[in-house]
Each structure stands twice: as C-alpha cells, then as structure tokens.
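The data block below is target_29.txt; it holds compact mmCIF, C-alpha atoms.
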```
# COMPACT_ATOMS: atom_id res chain seq x y z
CA MET A 1 0.00 0.00 0.00
CA ARG A 2 1.39 3.38 -0.88
CA GLY A 3 1.03 5.68 2.09
CA MET A 4 -0.96 8.84 1.62
CA ARG A 5 -0.82 10.00 5.21
CA SER A 6 1.17 13.17 4.74
CA MET A 7 1.31 15.70 1.96
CA LEU A 8 3.96 18.41 2.22
CA TYR A 9 3.40 21.81 0.65
CA ILE A 10 6.42 23.15 -1.20
CA PRO A 11 6.43 26.66 -2.69
CA GLY A 12 6.54 26.51 -6.46
CA ASN A 13 9.08 29.32 -6.67
CA ALA A 14 11.65 27.60 -4.44
CA PRO A 15 13.78 25.27 -6.59
CA GLY A 16 16.05 24.41 -3.67
CA MET A 17 13.10 22.99 -1.74
CA ILE A 18 11.55 21.22 -4.70
CA GLN A 19 14.73 19.37 -5.56
CA ASN A 20 15.01 18.14 -1.99
CA ALA A 21 11.36 17.14 -1.80
CA ALA A 22 11.99 13.42 -1.38
CA VAL A 23 14.35 13.97 1.54
CA PHE A 24 11.57 15.18 3.80
CA GLY A 25 9.94 11.76 3.96
CA ALA A 26 6.41 12.86 3.17
CA ASP A 27 4.16 10.38 1.38
CA MET A 28 3.34 13.03 -1.20
CA VAL A 29 4.48 16.56 -2.05
CA MET A 30 2.30 19.38 -3.27
CA ILE A 31 4.08 22.02 -5.30
CA ASP A 32 2.15 25.18 -4.62
CA LEU A 33 1.44 27.78 -7.28
CA GLU A 34 -1.24 29.43 -5.17
CA ASP A 35 -0.93 30.92 -1.69
CA ALA A 36 2.81 30.27 -1.29
CA VAL A 37 3.65 32.34 -4.36
CA ALA A 38 3.53 36.14 -4.64
CA LEU A 39 1.38 37.58 -7.43
CA SER A 40 4.45 38.95 -9.18
CA GLU A 41 6.07 35.52 -9.25
CA LYS A 42 3.20 33.35 -10.49
CA ASP A 43 4.79 33.03 -13.92
CA ALA A 44 8.18 32.12 -12.45
CA ALA A 45 6.71 29.49 -10.13
CA ARG A 46 4.80 27.94 -13.01
CA ASP A 47 7.94 27.72 -15.15
CA ILE A 48 9.99 26.22 -12.32
CA THR A 49 7.30 23.67 -11.49
CA ALA A 50 6.87 22.68 -15.13
CA GLY A 51 10.66 22.38 -15.45
CA PHE A 52 10.84 20.00 -12.50
CA LEU A 53 7.90 17.90 -13.65
CA ARG A 54 9.43 17.62 -17.08
CA HIS A 55 13.09 16.96 -16.25
CA TYR A 56 13.46 15.89 -12.63
CA ASP A 57 13.27 12.32 -11.40
CA PHE A 58 11.22 12.29 -8.22
CA GLY A 59 11.39 8.50 -8.08
CA ASP A 60 8.15 7.05 -6.78
CA LEU A 61 7.22 10.17 -4.83
CA PRO A 62 3.79 11.39 -5.93
CA VAL A 63 3.86 15.06 -6.92
CA VAL A 64 0.65 17.05 -6.81
CA VAL A 65 0.41 20.63 -8.04
CA ARG A 66 -1.91 23.12 -6.35
CA ILE A 67 -2.88 25.55 -9.08
CA ASN A 68 -4.54 28.93 -8.74
CA GLY A 69 -8.33 29.01 -8.59
CA ALA A 70 -10.63 29.65 -11.52
CA ASP A 71 -11.35 33.07 -10.06
CA THR A 72 -7.77 34.16 -10.83
CA PRO A 73 -6.06 35.12 -14.10
CA PHE A 74 -3.58 32.27 -13.58
CA PHE A 75 -5.97 29.30 -13.70
CA GLU A 76 -5.90 28.68 -17.45
CA GLU A 77 -2.13 29.03 -17.84
CA ASP A 78 -1.49 26.82 -14.81
CA LEU A 79 -3.59 24.02 -16.29
CA GLU A 80 -2.07 24.52 -19.73
CA ALA A 81 1.47 24.23 -18.40
CA ILE A 82 0.97 21.50 -15.82
CA VAL A 83 -1.63 19.00 -17.06
CA PRO A 84 0.43 17.75 -20.02
CA LEU A 85 3.20 16.85 -17.58
CA LYS A 86 0.91 14.40 -15.81
CA PRO A 87 1.27 15.29 -12.15
CA PHE A 88 -0.07 12.77 -9.64
CA ALA A 89 -3.04 15.13 -9.28
CA ILE A 90 -4.12 18.74 -9.55
CA ARG A 91 -5.15 20.22 -6.21
CA LEU A 92 -8.01 22.54 -7.07
CA PRO A 93 -8.59 25.31 -4.54
CA LYS A 94 -11.87 26.93 -3.58
CA CYS A 95 -14.35 24.38 -4.88
CA GLN A 96 -17.73 25.81 -3.99
CA ASP A 97 -20.01 23.58 -6.01
CA PRO A 98 -19.84 20.84 -8.65
CA SER A 99 -19.60 23.36 -11.49
CA ASP A 100 -16.13 24.36 -10.25
CA VAL A 101 -14.99 20.77 -10.66
CA LEU A 102 -16.71 20.41 -14.01
CA LEU A 103 -15.05 23.56 -15.32
CA ALA A 104 -11.59 22.26 -14.43
CA ASP A 105 -12.53 18.81 -15.72
CA SER A 106 -13.52 20.07 -19.16
CA ARG A 107 -10.43 22.29 -19.45
CA MET A 108 -8.24 19.37 -18.48
CA THR A 109 -9.94 17.04 -20.94
CA GLU A 110 -9.42 19.52 -23.74
CA ILE A 111 -5.75 19.96 -22.85
CA GLU A 112 -5.21 16.22 -22.59
CA LYS A 113 -6.83 15.67 -25.99
CA ARG A 114 -4.68 18.31 -27.59
CA HIS A 115 -1.60 16.62 -26.23
CA GLY A 116 -2.65 13.19 -27.36
CA MET A 117 -3.27 11.95 -23.83
CA SER A 118 -6.48 9.92 -23.51
CA GLY A 119 -9.01 12.02 -21.61
CA GLY A 120 -9.53 11.79 -17.87
CA LEU A 121 -5.96 10.95 -16.97
CA VAL A 122 -5.00 13.56 -14.37
CA PRO A 123 -7.00 13.35 -11.11
CA ILE A 124 -8.34 16.27 -9.09
CA HIS A 125 -8.01 16.74 -5.34
CA ALA A 126 -10.83 19.16 -4.56
CA MET A 127 -10.28 21.72 -1.81
CA LEU A 128 -13.28 22.75 0.25
CA GLU A 129 -12.52 26.09 1.84
CA SER A 130 -15.85 27.82 2.23
CA ALA A 131 -19.22 27.22 3.85
CA ARG A 132 -20.76 26.54 0.43
CA GLY A 133 -18.00 24.13 -0.44
CA ILE A 134 -18.52 22.18 2.76
CA GLU A 135 -22.27 22.02 2.28
CA ASN A 136 -21.73 20.77 -1.28
CA ALA A 137 -19.10 18.23 -0.24
CA TYR A 138 -20.77 15.08 -1.59
CA ALA A 139 -21.87 16.72 -4.83
CA ILE A 140 -18.32 17.95 -5.38
CA ALA A 141 -16.85 14.56 -4.52
CA THR A 142 -19.04 12.88 -7.11
CA ALA A 143 -19.06 15.63 -9.74
CA SER A 144 -16.44 13.88 -11.83
CA SER A 145 -14.52 10.62 -11.82
CA ARG A 146 -11.36 12.73 -11.77
CA VAL A 147 -12.02 13.63 -8.14
CA THR A 148 -10.01 11.18 -6.03
CA ALA A 149 -9.77 13.21 -2.83
CA LEU A 150 -11.60 15.86 -0.83
CA THR A 151 -9.51 18.15 1.23
CA LEU A 152 -10.34 20.69 3.89
CA GLY A 153 -8.87 24.21 3.71
CA GLY A 154 -9.27 25.24 7.35
CA GLN A 155 -7.71 28.72 7.16
CA ASP A 156 -9.96 29.96 4.39
CA LEU A 157 -12.99 28.18 5.81
CA THR A 158 -12.76 29.76 9.25
CA ALA A 159 -12.20 33.12 7.58
CA ASP A 160 -15.27 32.53 5.42
CA MET A 161 -17.25 31.69 8.55
CA GLY A 162 -15.96 34.76 10.34
CA ILE A 163 -14.44 32.76 13.20
CA GLN A 164 -11.01 31.92 14.56
CA LYS A 165 -9.24 28.64 14.08
CA THR A 166 -8.46 27.60 17.66
CA ARG A 167 -5.94 25.18 19.08
CA ASP A 168 -8.71 22.77 20.04
CA GLY A 169 -10.26 22.91 16.60
CA TRP A 170 -13.81 22.34 17.84
CA GLU A 171 -15.10 24.94 15.42
CA LEU A 172 -14.09 22.68 12.52
CA PHE A 173 -15.77 19.55 13.88
CA TYR A 174 -18.82 19.69 11.63
CA ALA A 175 -16.82 20.65 8.54
CA ARG A 176 -14.34 17.83 9.14
CA SER A 177 -17.08 15.27 9.73
CA ARG A 178 -18.89 16.35 6.62
CA VAL A 179 -15.77 16.14 4.47
CA VAL A 180 -14.96 12.66 5.77
CA MET A 181 -18.53 11.42 5.36
CA ALA A 182 -18.79 12.75 1.81
CA ALA A 183 -15.42 11.28 0.89
CA LYS A 184 -16.31 7.87 2.35
CA ALA A 185 -19.69 7.91 0.62
CA ALA A 186 -17.94 8.71 -2.66
CA GLY A 187 -15.20 6.16 -2.03
CA ILE A 188 -12.37 8.65 -2.18
CA ALA A 189 -9.63 9.93 0.15
CA ALA A 190 -10.09 12.68 2.75
CA PHE A 191 -7.23 15.00 3.64
CA ASP A 192 -7.24 17.38 6.60
CA THR A 193 -6.05 20.98 6.74
CA VAL A 194 -2.65 22.29 7.81
CA TRP A 195 -1.51 23.02 11.33
CA THR A 196 0.13 26.42 11.11
CA ASP A 197 2.02 26.63 14.40
CA PHE A 198 5.32 24.86 13.78
CA ASN A 199 6.45 25.67 17.28
CA ASP A 200 3.71 23.50 18.68
CA PRO A 201 4.25 19.91 17.50
CA GLU A 202 2.27 18.65 20.51
CA GLY A 203 -0.77 20.53 19.29
CA LEU A 204 -0.23 19.11 15.83
CA PHE A 205 -0.05 15.57 17.18
CA ARG A 206 -3.25 16.01 19.19
CA GLU A 207 -5.08 17.41 16.15
CA ALA A 208 -3.67 14.72 13.88
CA ARG A 209 -4.80 11.95 16.28
CA GLN A 210 -8.26 13.49 16.37
CA ILE A 211 -8.62 13.64 12.63
CA VAL A 212 -7.27 10.12 12.21
CA GLU A 213 -10.03 8.97 14.54
CA LEU A 214 -12.59 10.96 12.54
CA GLY A 215 -11.61 9.01 9.45
CA PHE A 216 -9.30 11.29 7.53
CA THR A 217 -6.84 9.33 5.44
CA GLY A 218 -4.18 12.04 5.32
CA LYS A 219 -3.14 15.46 6.54
CA ALA A 220 -1.30 18.33 4.86
CA ALA A 221 1.97 19.68 6.25
CA ILE A 222 3.55 23.06 5.73
CA HIS A 223 6.91 22.27 7.28
CA PRO A 224 9.09 19.18 6.94
CA SER A 225 9.23 18.77 10.72
CA GLN A 226 5.51 18.08 10.72
CA VAL A 227 5.78 14.96 8.57
CA GLU A 228 7.09 12.70 11.30
CA VAL A 229 4.44 13.95 13.74
CA ILE A 230 1.66 13.21 11.27
CA HIS A 231 3.03 9.73 10.56
CA ARG A 232 3.13 9.04 14.28
CA ALA A 233 -0.51 10.01 14.56
CA PHE A 234 -1.49 7.56 11.84
CA ARG A 235 0.48 4.69 13.34
CA PRO A 236 -1.94 1.92 14.27
CA ASP A 237 -2.00 0.55 17.78
CA ALA A 238 0.08 -2.65 18.06
CA LYS A 239 -2.70 -4.49 19.90
CA GLU A 240 -5.17 -3.48 17.20
CA VAL A 241 -2.80 -4.80 14.55
CA ARG A 242 -2.43 -8.16 16.25
CA LYS A 243 -6.19 -8.41 16.57
CA ALA A 244 -6.54 -7.52 12.87
CA GLU A 245 -4.11 -10.32 12.02
CA ARG A 246 -6.20 -12.78 14.01
CA ILE A 247 -9.31 -11.60 12.20
CA VAL A 248 -7.79 -11.98 8.76
CA ALA A 249 -6.39 -15.40 9.68
CA ALA A 250 -9.79 -16.51 10.98
CA ALA A 251 -11.47 -15.31 7.80
CA ALA A 252 -9.01 -17.25 5.67
CA GLU A 253 -9.53 -20.34 7.80
CA ALA A 254 -13.31 -20.04 7.56
CA GLU A 255 -13.08 -19.76 3.80
CA ARG A 256 -10.86 -22.83 3.60
CA GLN A 257 -13.41 -24.79 5.61
CA GLY A 258 -16.27 -23.50 3.51
CA ARG A 259 -17.83 -21.77 6.52
CA GLY A 260 -19.75 -18.55 5.99
CA VAL A 261 -19.41 -17.37 9.58
CA VAL A 262 -16.16 -16.08 11.04
CA ALA A 263 -15.58 -16.00 14.77
CA VAL A 264 -12.69 -14.37 16.60
CA ASP A 265 -12.22 -14.47 20.37
CA GLY A 266 -15.69 -15.93 20.68
CA LYS A 267 -17.37 -13.10 18.79
CA MET A 268 -18.85 -13.15 15.34
CA VAL A 269 -17.00 -11.00 12.87
CA ASP A 270 -18.61 -9.91 9.64
CA ALA A 271 -17.40 -8.63 6.31
CA PRO A 272 -16.87 -4.92 7.05
CA ILE A 273 -14.76 -5.82 10.09
CA ILE A 274 -12.62 -8.10 7.96
CA VAL A 275 -12.15 -5.39 5.34
CA ARG A 276 -11.15 -2.93 8.03
CA ALA A 277 -8.72 -5.45 9.48
CA ARG A 278 -7.04 -5.91 6.11
CA HIS A 279 -6.71 -2.16 5.72
CA LEU A 280 -5.19 -1.86 9.17
CA ILE A 281 -2.62 -4.50 8.33
CA SER A 282 -1.67 -2.63 5.14
CA LEU A 283 -1.27 0.57 7.14
CA ALA A 284 0.83 -1.30 9.70
CA GLY A 285 3.05 -2.44 6.85
CA LEU A 286 4.04 1.19 6.23
CA TYR A 287 5.52 1.25 9.72
CA GLY A 288 7.26 -2.10 9.42
CA MET A 289 5.17 -3.32 12.31
CA GLU A 290 5.74 -6.96 13.16
CA GLY A 291 3.67 -9.26 11.05
CA GLY A 292 2.50 -6.38 8.86
CA GLU A 293 2.82 -6.86 5.10
CA ALA A 294 4.72 -4.21 3.22
CA GLN A 295 3.48 -3.99 -0.39
CA MET B 1 -2.97 46.50 -33.16
CA VAL B 2 -0.73 45.58 -30.25
CA GLU B 3 2.87 46.60 -30.58
CA LEU B 4 5.42 44.52 -28.74
CA VAL B 5 8.72 45.74 -27.46
CA LEU B 6 11.71 44.04 -25.91
CA ARG B 7 13.04 45.37 -22.63
CA MET B 8 15.30 44.34 -19.81
CA ALA B 9 13.86 41.68 -17.52
CA GLN B 10 14.86 39.47 -14.63
CA ALA B 11 13.81 36.20 -13.02
CA GLY B 12 14.98 34.04 -10.14
CA THR B 13 16.65 34.70 -6.81
CA LEU B 14 20.02 34.47 -5.12
CA GLU B 15 18.80 31.69 -2.83
CA SER B 16 20.84 28.52 -2.68
CA ALA B 17 20.08 26.14 -5.60
CA ASP B 18 18.56 29.01 -7.56
CA CYS B 19 19.97 31.56 -9.99
CA LEU B 20 19.23 35.13 -10.98
CA VAL B 21 18.85 35.64 -14.70
CA THR B 22 18.89 39.06 -16.33
CA VAL B 23 18.23 39.57 -20.03
CA VAL B 24 18.84 42.78 -21.94
CA PRO B 25 18.01 43.25 -25.63
CA ALA B 26 21.25 43.72 -27.54
CA GLU B 27 22.80 43.70 -30.98
CA GLU B 28 24.03 40.18 -30.56
CA PHE B 29 24.13 37.32 -28.10
CA ARG B 30 26.42 37.56 -25.10
CA LEU B 31 26.54 35.45 -21.97
CA ASP B 32 27.94 36.56 -18.64
CA TYR B 33 27.81 33.51 -16.36
CA ARG B 34 28.83 34.14 -12.77
CA GLY B 35 28.87 32.01 -9.68
CA VAL B 36 30.68 29.22 -7.93
CA ASN B 37 30.19 26.80 -10.83
CA ARG B 38 31.57 29.12 -13.45
CA LYS B 39 34.60 27.00 -14.31
CA LEU B 40 32.83 23.68 -14.01
CA PHE B 41 29.65 24.44 -15.91
CA GLY B 42 30.52 27.37 -18.15
CA GLU B 43 30.33 25.38 -21.36
CA ARG B 44 27.19 23.50 -20.39
CA THR B 45 25.47 26.72 -19.44
CA ARG B 46 26.41 28.45 -22.66
CA LYS B 47 24.95 25.55 -24.65
CA LEU B 48 21.79 25.58 -22.55
CA VAL B 49 21.29 29.32 -22.96
CA MET B 50 21.87 29.27 -26.71
CA GLU B 51 19.52 26.31 -27.15
CA THR B 52 16.81 28.09 -25.14
CA LEU B 53 17.19 31.37 -27.04
CA GLU B 54 16.97 29.53 -30.33
CA ARG B 55 13.96 27.49 -29.23
CA THR B 56 12.08 30.55 -28.00
CA GLY B 57 12.99 32.66 -31.04
CA PHE B 58 15.21 35.24 -29.37
CA SER B 59 18.56 36.11 -30.94
CA GLY B 60 20.04 39.40 -29.79
CA MET B 61 20.11 39.11 -26.05
CA GLN B 62 22.68 39.88 -23.42
CA VAL B 63 22.19 37.26 -20.74
CA THR B 64 23.63 37.49 -17.24
CA ILE B 65 23.32 34.55 -14.86
CA GLN B 66 24.30 34.66 -11.22
CA ASP B 67 24.34 30.97 -10.34
CA GLN B 68 23.89 29.80 -6.75
CA GLY B 69 24.21 26.12 -7.59
CA ALA B 70 21.08 25.72 -9.69
CA LEU B 71 20.24 22.59 -11.63
CA GLU B 72 20.21 22.93 -15.42
CA LEU B 73 16.44 22.70 -15.47
CA VAL B 74 16.26 25.61 -13.02
CA ILE B 75 18.55 27.80 -15.13
CA ARG B 76 16.45 26.94 -18.16
CA ALA B 77 13.19 27.76 -16.37
CA ARG B 78 14.49 31.07 -14.99
CA LEU B 79 15.75 32.05 -18.44
CA GLU B 80 12.36 31.22 -19.99
CA THR B 81 10.60 33.36 -17.41
CA ALA B 82 13.00 36.27 -17.96
CA LEU B 83 12.57 36.08 -21.73
CA ARG B 84 8.80 36.08 -21.43
CA ARG B 85 8.96 39.04 -19.08
CA ALA B 86 11.20 40.84 -21.56
CA VAL B 87 8.35 41.05 -24.03
CA GLY B 88 6.06 43.91 -23.25
CA GLU B 89 3.30 45.84 -24.89
CA VAL B 90 3.97 49.37 -25.95
```
Now, as a test, write the supplied structure out as structure tokens.
Amino acid sequence: MRGMRSMLYIPGNAPGMIQNAAVFGADMVMIDLEDAVALSEKDAARDITAGFLRHYDFGDLPVVVRINGADTPFFEEDLEAIVPLKPFAIRLPKCQDPSDVLLADSRMTEIEKRHGMSGGLVPIHAMLESARGIENAYAIATASSRVTALTLGGQDLTADMGIQKTRDGWELFYARSRVVMAAKAAGIAAFDTVWTDFNDPEGLFREARQIVELGFTGKAAIHPSQVEVIHRAFRPDAKEVRKAERIVAAAAEAERQGRGVVAVDGKMVDAPIIVRARHLISLAGLYGMEGGEAQ
Amino acid sequence: MVELVLRMAQAGTLESADCLVTVVPAEEFRLDYRGVNRKLFGERTRKLVMETLERTGFSGMQVTIQDQGALELVIRARLETALRRAVGEV
C-alpha cells in the first residue's frame, strides 16, 4: 500500500526545496502555485514547477500541483502548463459547487486531448474552503470521476465563517465530519487541513490523532518537521494490529473450511470488520510493524 | 494592433540552488555567467542558454546569470521566465 498520510506543501518558486522534496519523507508533495507564491512571481513558479515535472526524477514520490483558482487570471495558464506533464493530481482550490470541478474537468480534458493523452488521466483533489464548499461536499466529490480526494482548507474556511481557528479545533468539527462522510460515501480519500504553528508539534499531534479517529486518510503539512508527527498520529496501535491479524487469519480459515461465519475471540466477525482489518494491516506495513505486510 | 517591445527583464533569486537571470536586448548574443560553478559548468550553461534562445525565437540578447548552484532545469526555467517578461506591450 502506498502511504498517503502526509502531503507536504512546497512553494513553487523555491527550486532548492523542490529538488530536496523526497528527503523530507512525506508520502506526497504538493508544489504550490497558489498561496505560497507572490502575485508577481506566479509566472516564475509555473515555469519552475513545469521544469521540475518535465526533467526531474522524483522517483516514486507522488507530486501534486496546487494551481490557482478559476477566479484568478492564472488558472488557465497553470492548467495549460501543468496538465500535459501528468502530475499525480491537480489540487483545485476553492471548490464551492460541482460546477467548479466540471469547469476544471472540461479544461483538463481539452488539454489532454490536444496533447494526445487519452481524456480523464489527471485526477483532481478538490479543496473545500468555504461554507458553500462544505455544504456541497458530496456533490463535489461525485461531480467527476477525476475527483479522487476531498480536502479541507481550514484557514480559508474559518475566515469565510468569520471565526477563529483555535488550538482545540472544535469549530471545525462539523466541517471535518462532513468532508470525511462525503469522501467515504464517494469512495475517495479525505485530507485534513494544515496546522500552522510549527512551534507546537504537541498541538499538531493532538489534532492529527483526532482527525485520524474521525476518518481522515491524510493530513497536509507546511513544514518538513511536521511529517514525522503526522506519521506518528497515523500509526496503528500494536494491539489493534495483532487483533486484525487474528481476524484476517480466521477469515481465511473459515473460507478454507467453507464456513460462511467467522468467529474471533468468541465473537462473530462480519465482512466490514474483515475489510477494516485488512486495511489496518496494510497501514501497519508502512511502519514495518511486526507481522505487517509491506506492499 | 498591439505593438510589442523588448526590454530588460529578470527572473529568479540568489537563494541557494537558484539563480538570478537578467536579459537585456542587444545587438548580438552575449553570456555573462557568474557564480561558484563558473569553471565547471561554463560550457554547459552556454549551450543551454543558446539552445533556449533559439527554441524561443530570441537572438540578440545579453544574458547574465548569477548561479547559486542551480540545476540545469532551473537555469532553463528562470531564463524562460525572464525572456517572457522581456516582451512587453507598448
């Protein structure tokens, strides 16, 4: 299983950081053409990012590009320059309703056709950063088959709501739950927002644990030091892993014996539990946990 | 009708692993390549710059590069940005 627990933002106008992207150990990097780049440098960041995608070997590190929103003069040129280079995905900011996804989708299809790529190749990670976006979460998640992840933009969302983002994060509870639920219902990934205080890794860990428990499959990082903290938060409990192994073994045994019912520790265990157990074992494999299978 | 003009332009930074590229319209091509890698990569850089100018249709350009240890692809990208910025509307 390829981990998708952490995604590290890297400013698109910082070649030194981009070339060292793999060193930071994140599961994915997101080269940012949007908020991390000054207006006067949008063209430069685009050229640098395109140059790296075209010529640099990132190995098996997935590289996503966050482009500028459709409400900016940079949207079209960003797509034009980046889509033909087949990034792992385009992170699309400020998705308010399905039409925002469909607009990007049709532009991308047209670009792909023009470049002889079969349509629908480059996925979209849709950012929900406003009240409308959150309310339209499921519709956005299912607007196009390109959408493979929903992600929460907490800074912009709290600003849109006219509230503060607090250390506890309670104000984002509904938004987070809605994003996760919509993503699960659509069968796609759910990524949480960034923790902006890099002098408070404890706070980051607490938040990351919370969002793992809510069902998020990944969390964005804005500083390399946050990657390890996020990975720690996603690490499954050793006892849970051993139990998952017993469940999967019991399921295999039941199948061998032609039994429809699986029992573990005297309790009946049905299909969703077995699926969850398999997933947990895959996740454990990322941490080299004993008995876990690395794939 | 839009009239285009060539002017001096710049792209990049002096950060480590980056370079600062300045282009000035001139009678003919000239390259001034400065930085720690001058001796090691002078020839490579000249080739890269000439190839980029030819590909983008620019001929008379005085190009100055202050190299802080940039990869070739970075020098190329910064030069492309500078050249695009050099084209302005009257």
Quick one: contact table of chain B to chain A, 6 Å max, nearest atom pair and distance in Å to one decimal per residue, counting only C-alpha atoms, chain and number order, as a tab-separated table?
```
residue	atom	partner	partner_atom	distance
B:Ala17	CA	A:Gly16	CA	4.8
B:Leu73	CA	A:Gly51	CA	5.8
B:Ala77	CA	A:Ile48	CA	5.4
B:Thr81	CA	A:Ala44	CA	5.7
```
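Straight-line separation from atom CA of A:Ala254 to atom CA of A:Arg235: 28.9 Å.
Remark: for B:Val24, the closest of the candidate residues B:Val87, B:Ala82, B:Met61, B:Val5 is B:Met61 (distances computed over all atoms listed in the file).
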Mind running stretch 220-281 of chain A against stretch 180-203 of chain A at 9 Å and telling me each contacting residue's nearest atom pair with the distance in Å (one decimal), counting all atoms listed in the file, chain and number ascending, as a Markdown table?
```
| residue | atom | partner | partner_atom | distance |
| --- | --- | --- | --- | --- |
| A:Ala220 | CA | A:Val194 | CA | 5.1 |
| A:Ala221 | CA | A:Val194 | CA | 5.5 |
| A:Ile222 | CA | A:Val194 | CA | 6.6 |
| A:His223 | CA | A:Phe198 | CA | 7.2 |
| A:Ser225 | CA | A:Phe198 | CA | 7.9 |
| A:Gln226 | CA | A:Pro201 | CA | 7.1 |
| A:Val229 | CA | A:Pro201 | CA | 7.0 |
```
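Picture a line from atom CA of A:Gly69 to atom CA of A:Leu8; it runs 19.5 Å.
Interatomic distance, atom CA of A:Ala70 against atom CA of A:Cys95: 9.3 Å.
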Using the file's own x, y and z axes, what box holds all listed atoms of stretch 33-46 of chain B with 3 Å on each side, keeping edges along x, y and z, and what are its centre and edge lengths in Å to one decimal, as lines of an AutoDock Vina configuration file?
```
center_x = 30.0
center_y = 28.8
center_z = -15.3
size_x = 15.1
size_y = 16.6
size_z = 20.7
```
Task: Nearest to A:Val83 by atom-to-atom distance, counting all atoms listed in the file, from A:Val122, A:Asp71, A:Asp35, A:Glu255 - done: A:Val122
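For B:Ala70, the residues within 7 Å (counting only C-alpha atoms, excluding itself and residues fewer than 4 positions away along the chain) are B:Ala17, B:Asp18, B:Cys19, B:Val74, B:Ile75.
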Open item on the list: Which residues are close to A:Ile140, i.e. within 7 Å by all atoms listed in the file, leaving aside same-chain residues fewer than 4 positions away? Reply as a list of chain:residue names.
Closed with: A:Asp97, A:Pro98, A:Val101, A:Asn136
Open item on the list: Need the shell around B:Leu79: protein/DNA/RNA residues with any atom at most 9 Å away, counting only C-alpha atoms. Skip same-chain ones fewer than 3 positions apart. Format as a VMD selection string?
Closed with: chain B and resid 10 to 12 20 to 23 49 52 to 53 63 65 74 to 76 82 to 84
Task: B:Gly42 surroundings by all atoms listed in the file, 12 Å radius, close-in-sequence under 2 positions cut, as number ranges by chain - done: B: 31-40, 44-49, 65-67, 72
